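Structure record follows, encoded as structure tokens.
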Amino acid sequence: MQSPRASGNKRLIVRHRNLCRGDVYSRSDFPDGFAFGSGLSAYQWEGAVDEDGKMPSVWDTFVHSRNLSFLSLFLLLGIPVLVLWILIHSTQNTCFHLAGNLDNGDIACDGYHKYKEDVLLMAETGLDAFRFSISWSRLIPNGRGPVNPKGLHFYKNFIQLLVSHGIEPHVTLYHYDHPQFLEDEYGGWINRRIIKDFTAYADVCFREFGNHVKFWTTINEANIFTIGGYNDGNTPPGRCSPSRNCSLGNSSIETYIAGHNLLLAHASVSRLYKQKYKDMQGGSVGFSLFAIEFIPTTSYKEDEIAIQRAKDFYFGWMLEPLIYGDYPDEMRRTVGSRLPVFSKEESELVKGSSDFLGIIHYLTASVTKINFNPSLSGYPEFNSDMGVSINILGNFVDSEYAVAPWAMESILEYIKQGYGNPPVYILENGKPMKQDLQLQQNDTTRIDYLQDYIGAVLKAIRNGSDTRGYFVWSFMDLYELLSGYENSFGLYSVNFSDPQRKRSPKLSAHWYSSFLKGETTFLGSQGITQLQSNFSSSS
């Protein structure tokens with residue numbers, strides 16, 4: 001089985017680099033039934049970290065253990081606590097804060113208590129759909145066993161309120177946050193026991209919420225979760241080889257074991273839904289990936305080959321089993337015995353198990369081929385296996401991502417051509433900005449970004465992509481995994497200094513609402529200027 005090759009990507013890139021930005025279109029240009037929404041996740045929004053029976057998730061543990069390690073280091077060095085506090089809270093020490101971010105999601109947006117207010121904002125904005133995740137450790141605190149009645153009550157109320165306002169719930173079952181109990185007991189995703197526990201958790205969700213929820217995503221951005229959590233150790237649960245500064249883990253094998261178990265768990269849940277619920281509830285079960293657009297650093301053939309290797313490892317790793325039943329040939333040759341093998345039964349179970357594909361897209365990267373020598377570099381891991389150097393365009397550290405709407409269309413074209421044009425939902429796309437109040441409220445650069453990327457989705461649809469929805473990340477400012485509260489993506493700002501966590505619409509919220517309601521006055525560059533003027537005069 002040969003890995004898919006998307007033709008015409010070069011022409012696509014050149015054509016869209018030459019397009020004028022801000023092409024005017026309206027919502028009516030999209031197909032009937034196309035869903036426009038926004039989203040957030042449980043840990044980033046809910047808060048109420050230990051209320052009403054919720055137990056810790058690996059995200060809770062990761063953030064707090066990181067903070068304790070950071071504090072211990074500075075106390076060991078003899079730095080007084082008061083000095084440390086001043087350093088952390090000083091607005092002049094951004095680099096220090098990024099290096100040792102002490103933020104967490106213990107309170108976050110306090111969505112657990114403010115969800116009614118937030119649903120009203122969603123309705124006022126005009127959202128068709130809303131994407132959110134369920135906290136496994138709030139619903140089933142220890143990962144299996146008794147359901148927490150207060151957690152169940154919260155999610156039932158939230159979902160029913162969405163539906164009563166005409167908003168379609170899109171639910172993600174797993175967003176970086178399995179119960180810490182399961183991590184302690186058997187290692188979480190590196191143990192096949194989690195497949196049974198995850199399927200039982202999904203069964204509870206389908207049974208309790210399925211009459212109102214028709215769109216389920218099993219795993220959020222499975223590829224990046226696995227790389228971050230088991231290869232690099234910089235996201236929950238924070239495992240990697242000791243040589244990569246983790247106390248627990250093995251980057252050479254755990255990355256691939258966790259990814260394998262994610263696919264099998266997804267397939268098990270999909271089979272459960274089809275056998276037990278689909279006829280009654282009529283919903284669908286999908287799987288999501290973090291999609292980077294790769295371009296060659298040079299025009300040399302080696303870099304063209306490097307692009308396909310990057311796509312095999314980032315896309316094909318998860319997509320080829322879902323579509324074709326096995327990993328890409330290139331991965332199997334390179335990783336060898338460290339890459340788990342699907343049995344014939346497992347291959348048949350995974351193949352065709354995803355009713356739709358969720359795409360999360362922010363980044364474009366240039367790619368260069370590299371040669372890896374294990375004898376010089378130590379143990380192999382995902383990045384060395386891939387054999388390419390990836391350079392994110394823009395300033396990744398400061399969250400200044402390159403604005404490249406053609407990249408969105410290119411990714412959708414690649415999926416269409418290489419993977420049989422499955423139904424696609426863009427589950428996350430948005431622009432981060434620094435937490436500067438004036439800049440955030442008058443966020444015209446975010447509007448430009450959204451207008452360009454939504455336009456790219458429209459072009460992909462007109463070119464035959466079966467893309468069925470677009471969700472702006474995020475509905476409001478959240479706790480962000482890599483930057484805490486330093487940067488935000490929200491259409492609505494949240495005052496995290498206010499105990500009430502007051503929400504306020506940014507200019508982008510007004511723009512998106514106008515677009516969703518079919519108002520064309522504020523579309524295009526002149527329309528944005530008019531909207532800005534109206535917003536400033538009413539502030």
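For the structure tokens, the naming scheme is as follows: chains receive sequential letters (A, B, ...) according to their order of presentation, residues are indexed from 1 within each chain, and ligands are indexed from 1 in presentation order.
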All residues 9 Å or closer to Tyr449 of chain A, only C-alpha atoms, same chain fewer than 3 positions away omitted, as a PDB file with all heavy atoms, in the first residue's frame:
```
ATOM      1  N   VAL A 403       0.214  34.040   8.753  1.00  0.00           N
ATOM      2  CA  VAL A 403      -1.136  34.064   8.185  1.00  0.00           C
ATOM      3  C   VAL A 403      -1.040  33.538   6.757  1.00  0.00           C
ATOM      4  O   VAL A 403      -0.499  34.195   5.878  1.00  0.00           O
ATOM      5  CB  VAL A 403      -1.724  35.492   8.215  1.00  0.00           C
ATOM      6  CG1 VAL A 403      -3.115  35.504   7.596  1.00  0.00           C
ATOM      7  CG2 VAL A 403      -1.774  36.012   9.647  1.00  0.00           C
ATOM      8  N   ALA A 404      -1.552  32.334   6.551  1.00  0.00           N
ATOM      9  CA  ALA A 404      -1.405  31.660   5.253  1.00  0.00           C
ATOM     10  C   ALA A 404      -2.689  30.912   4.921  1.00  0.00           C
ATOM     11  O   ALA A 404      -2.752  29.688   5.024  1.00  0.00           O
ATOM     12  CB  ALA A 404      -0.214  30.706   5.287  1.00  0.00           C
ATOM     13  N   PRO A 405      -3.738  31.626   4.546  1.00  0.00           N
ATOM     14  CA  PRO A 405      -5.013  30.950   4.295  1.00  0.00           C
ATOM     15  C   PRO A 405      -4.945  29.896   3.209  1.00  0.00           C
ATOM     16  O   PRO A 405      -5.699  28.924   3.229  1.00  0.00           O
ATOM     17  CB  PRO A 405      -5.958  32.095   3.913  1.00  0.00           C
ATOM     18  CG  PRO A 405      -5.073  33.257   3.573  1.00  0.00           C
ATOM     19  CD  PRO A 405      -3.851  33.090   4.392  1.00  0.00           C
ATOM     20  N   GLY A 430      -7.976  29.712  14.482  1.00  0.00           N
ATOM     21  CA  GLY A 430      -8.113  31.048  15.060  1.00  0.00           C
ATOM     22  C   GLY A 430      -6.759  31.702  15.223  1.00  0.00           C
ATOM     23  O   GLY A 430      -5.713  31.104  14.941  1.00  0.00           O
ATOM     24  N   LYS A 431      -6.786  32.925  15.705  1.00  0.00           N
ATOM     25  CA  LYS A 431      -5.557  33.715  15.831  1.00  0.00           C
ATOM     26  C   LYS A 431      -5.298  34.098  17.275  1.00  0.00           C
ATOM     27  O   LYS A 431      -6.118  34.759  17.911  1.00  0.00           O
ATOM     28  CB  LYS A 431      -5.651  34.986  14.984  1.00  0.00           C
ATOM     29  CG  LYS A 431      -4.399  35.858  15.075  1.00  0.00           C
ATOM     30  CD  LYS A 431      -4.461  37.053  14.164  1.00  0.00           C
ATOM     31  CE  LYS A 431      -3.252  37.971  14.370  1.00  0.00           C
ATOM     32  NZ  LYS A 431      -1.972  37.269  14.179  1.00  0.00           N
ATOM     33  N   THR A 444      -8.713  43.846  15.010  1.00  0.00           N
ATOM     34  CA  THR A 444      -8.938  43.820  13.563  1.00  0.00           C
ATOM     35  C   THR A 444      -8.069  42.766  12.869  1.00  0.00           C
ATOM     36  O   THR A 444      -8.474  42.203  11.851  1.00  0.00           O
ATOM     37  CB  THR A 444      -8.662  45.199  12.933  1.00  0.00           C
ATOM     38  OG1 THR A 444      -7.342  45.618  13.294  1.00  0.00           O
ATOM     39  CG2 THR A 444      -9.662  46.219  13.435  1.00  0.00           C
ATOM     40  N   THR A 445      -6.868  42.496  13.415  1.00  0.00           N
ATOM     41  CA  THR A 445      -6.027  41.476  12.785  1.00  0.00           C
ATOM     42  C   THR A 445      -6.665  40.094  12.900  1.00  0.00           C
ATOM     43  O   THR A 445      -6.494  39.256  12.008  1.00  0.00           O
ATOM     44  CB  THR A 445      -4.616  41.455  13.408  1.00  0.00           C
ATOM     45  OG1 THR A 445      -4.716  41.238  14.816  1.00  0.00           O
ATOM     46  CG2 THR A 445      -3.900  42.774  13.144  1.00  0.00           C
ATOM     47  N   ARG A 446      -7.384  39.848  13.977  1.00  0.00           N
ATOM     48  CA  ARG A 446      -8.101  38.573  14.104  1.00  0.00           C
ATOM     49  C   ARG A 446      -9.237  38.498  13.080  1.00  0.00           C
ATOM     50  O   ARG A 446      -9.481  37.439  12.486  1.00  0.00           O
ATOM     51  CB  ARG A 446      -8.626  38.395  15.525  1.00  0.00           C
ATOM     52  CG  ARG A 446      -9.400  37.086  15.731  1.00  0.00           C
ATOM     53  CD  ARG A 446      -9.797  36.849  17.181  1.00  0.00           C
ATOM     54  NE  ARG A 446      -8.654  36.453  17.991  1.00  0.00           N
ATOM     55  CZ  ARG A 446      -8.217  37.120  19.055  1.00  0.00           C
ATOM     56  NH1 ARG A 446      -8.828  38.234  19.428  1.00  0.00           N
ATOM     57  NH2 ARG A 446      -7.176  36.694  19.739  1.00  0.00           N
ATOM     58  N   ASP A 452     -10.035  35.645   5.997  1.00  0.00           N
ATOM     59  CA  ASP A 452      -9.206  34.982   4.995  1.00  0.00           C
ATOM     60  C   ASP A 452      -9.324  33.459   5.080  1.00  0.00           C
ATOM     61  O   ASP A 452      -9.415  32.774   4.060  1.00  0.00           O
ATOM     62  CB  ASP A 452      -7.748  35.402   5.156  1.00  0.00           C
ATOM     63  CG  ASP A 452      -7.495  36.838   4.706  1.00  0.00           C
ATOM     64  OD1 ASP A 452      -8.404  37.428   4.088  1.00  0.00           O
ATOM     65  OD2 ASP A 452      -6.401  37.361   4.977  1.00  0.00           O
ATOM     66  N   TYR A 453      -9.316  32.923   6.306  1.00  0.00           N
ATOM     67  CA  TYR A 453      -9.347  31.468   6.450  1.00  0.00           C
ATOM     68  C   TYR A 453     -10.725  30.890   6.144  1.00  0.00           C
ATOM     69  O   TYR A 453     -10.834  29.810   5.551  1.00  0.00           O
ATOM     70  CB  TYR A 453      -8.879  31.062   7.850  1.00  0.00           C
ATOM     71  CG  TYR A 453      -7.373  30.977   7.949  1.00  0.00           C
ATOM     72  CD1 TYR A 453      -6.597  32.127   8.085  1.00  0.00           C
ATOM     73  CD2 TYR A 453      -6.716  29.756   7.886  1.00  0.00           C
ATOM     74  CE1 TYR A 453      -5.215  32.061   8.160  1.00  0.00           C
ATOM     75  CE2 TYR A 453      -5.329  29.673   7.967  1.00  0.00           C
ATOM     76  CZ  TYR A 453      -4.587  30.831   8.098  1.00  0.00           C
ATOM     77  OH  TYR A 453      -3.206  30.758   8.159  1.00  0.00           O
ATOM     78  N   ILE A 454     -11.773  31.579   6.530  1.00  0.00           N
ATOM     79  CA  ILE A 454     -13.115  31.106   6.158  1.00  0.00           C
ATOM     80  C   ILE A 454     -13.260  31.144   4.637  1.00  0.00           C
ATOM     81  O   ILE A 454     -13.859  30.249   4.032  1.00  0.00           O
ATOM     82  CB  ILE A 454     -14.196  31.951   6.860  1.00  0.00           C
ATOM     83  CG1 ILE A 454     -14.151  31.720   8.368  1.00  0.00           C
ATOM     84  CG2 ILE A 454     -15.592  31.598   6.326  1.00  0.00           C
ATOM     85  CD1 ILE A 454     -15.068  32.640   9.172  1.00  0.00           C
TER      86      ILE A 454
END
```
Any idea what's packed within 7 Å of segment 265-276 of chain A, counting only C-alpha atoms, ignoring anything in its chain fewer than 4 positions away? Could you give it as a PyMOL selection string? chain A and resi 195+198-199+202+218+261+285+349-350+353
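For the choices A:Arg468, A:Arg332, A:Lys196, A:Lys114, the atom-to-atom distance to Val494 of chain A is smallest for A:Lys114 when using only C-alpha atoms.
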For Pro31 of chain A, work out the shell of residues within 12 Å, counting only C-alpha atoms and skipping chain neighbours fewer than 5 positions away, then give it as a list in words. Ser26, Phe36, Val457, Leu458, Lys459, Ile461, Arg462, Gly464, Ser465, Asp466, Thr467, Arg468 and Gly469 of chain A
Go through segment 217-240 of chain A residue by residue and, counting only C-alpha atoms, keep those with an atom at most 9 Å from segment 308-320 of chain A; for each kept residue give the shortest atom pair and its distance in Å to one decimal, ordered by chain and increasing number, as JSON lines.
```
{"residue": "A:Ala222", "atom": "CA", "partner": "A:Met318", "partner_atom": "CA", "distance": 7.8}
{"residue": "A:Asn223", "atom": "CA", "partner": "A:Tyr314", "partner_atom": "CA", "distance": 6.6}
{"residue": "A:Ile224", "atom": "CA", "partner": "A:Tyr314", "partner_atom": "CA", "distance": 8.3}
```
Would you export the selected residues with N, CA and C atoms as a PDB file, in the first residue's frame, please?
```pdb
ATOM      1  N   ALA A 222      -5.226  13.880  18.004  1.00  0.00           N
ATOM      2  CA  ALA A 222      -4.545  12.689  18.514  1.00  0.00           C
ATOM      3  C   ALA A 222      -3.047  12.698  18.256  1.00  0.00           C
ATOM      4  N   ASN A 223      -2.628  13.192  17.096  1.00  0.00           N
ATOM      5  CA  ASN A 223      -1.195  13.152  16.765  1.00  0.00           C
ATOM      6  C   ASN A 223      -0.373  14.063  17.678  1.00  0.00           C
ATOM      7  N   ILE A 224      -0.813  15.299  17.848  1.00  0.00           N
ATOM      8  CA  ILE A 224      -0.043  16.245  18.655  1.00  0.00           C
ATOM      9  C   ILE A 224      -0.145  15.911  20.143  1.00  0.00           C
TER      10      ILE A 224
END
```
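Closest approach to Val147 of chain A among A:Tyr201, A:Tyr401, A:Tyr174, A:Phe181: A:Tyr201, based on only C-alpha atoms.
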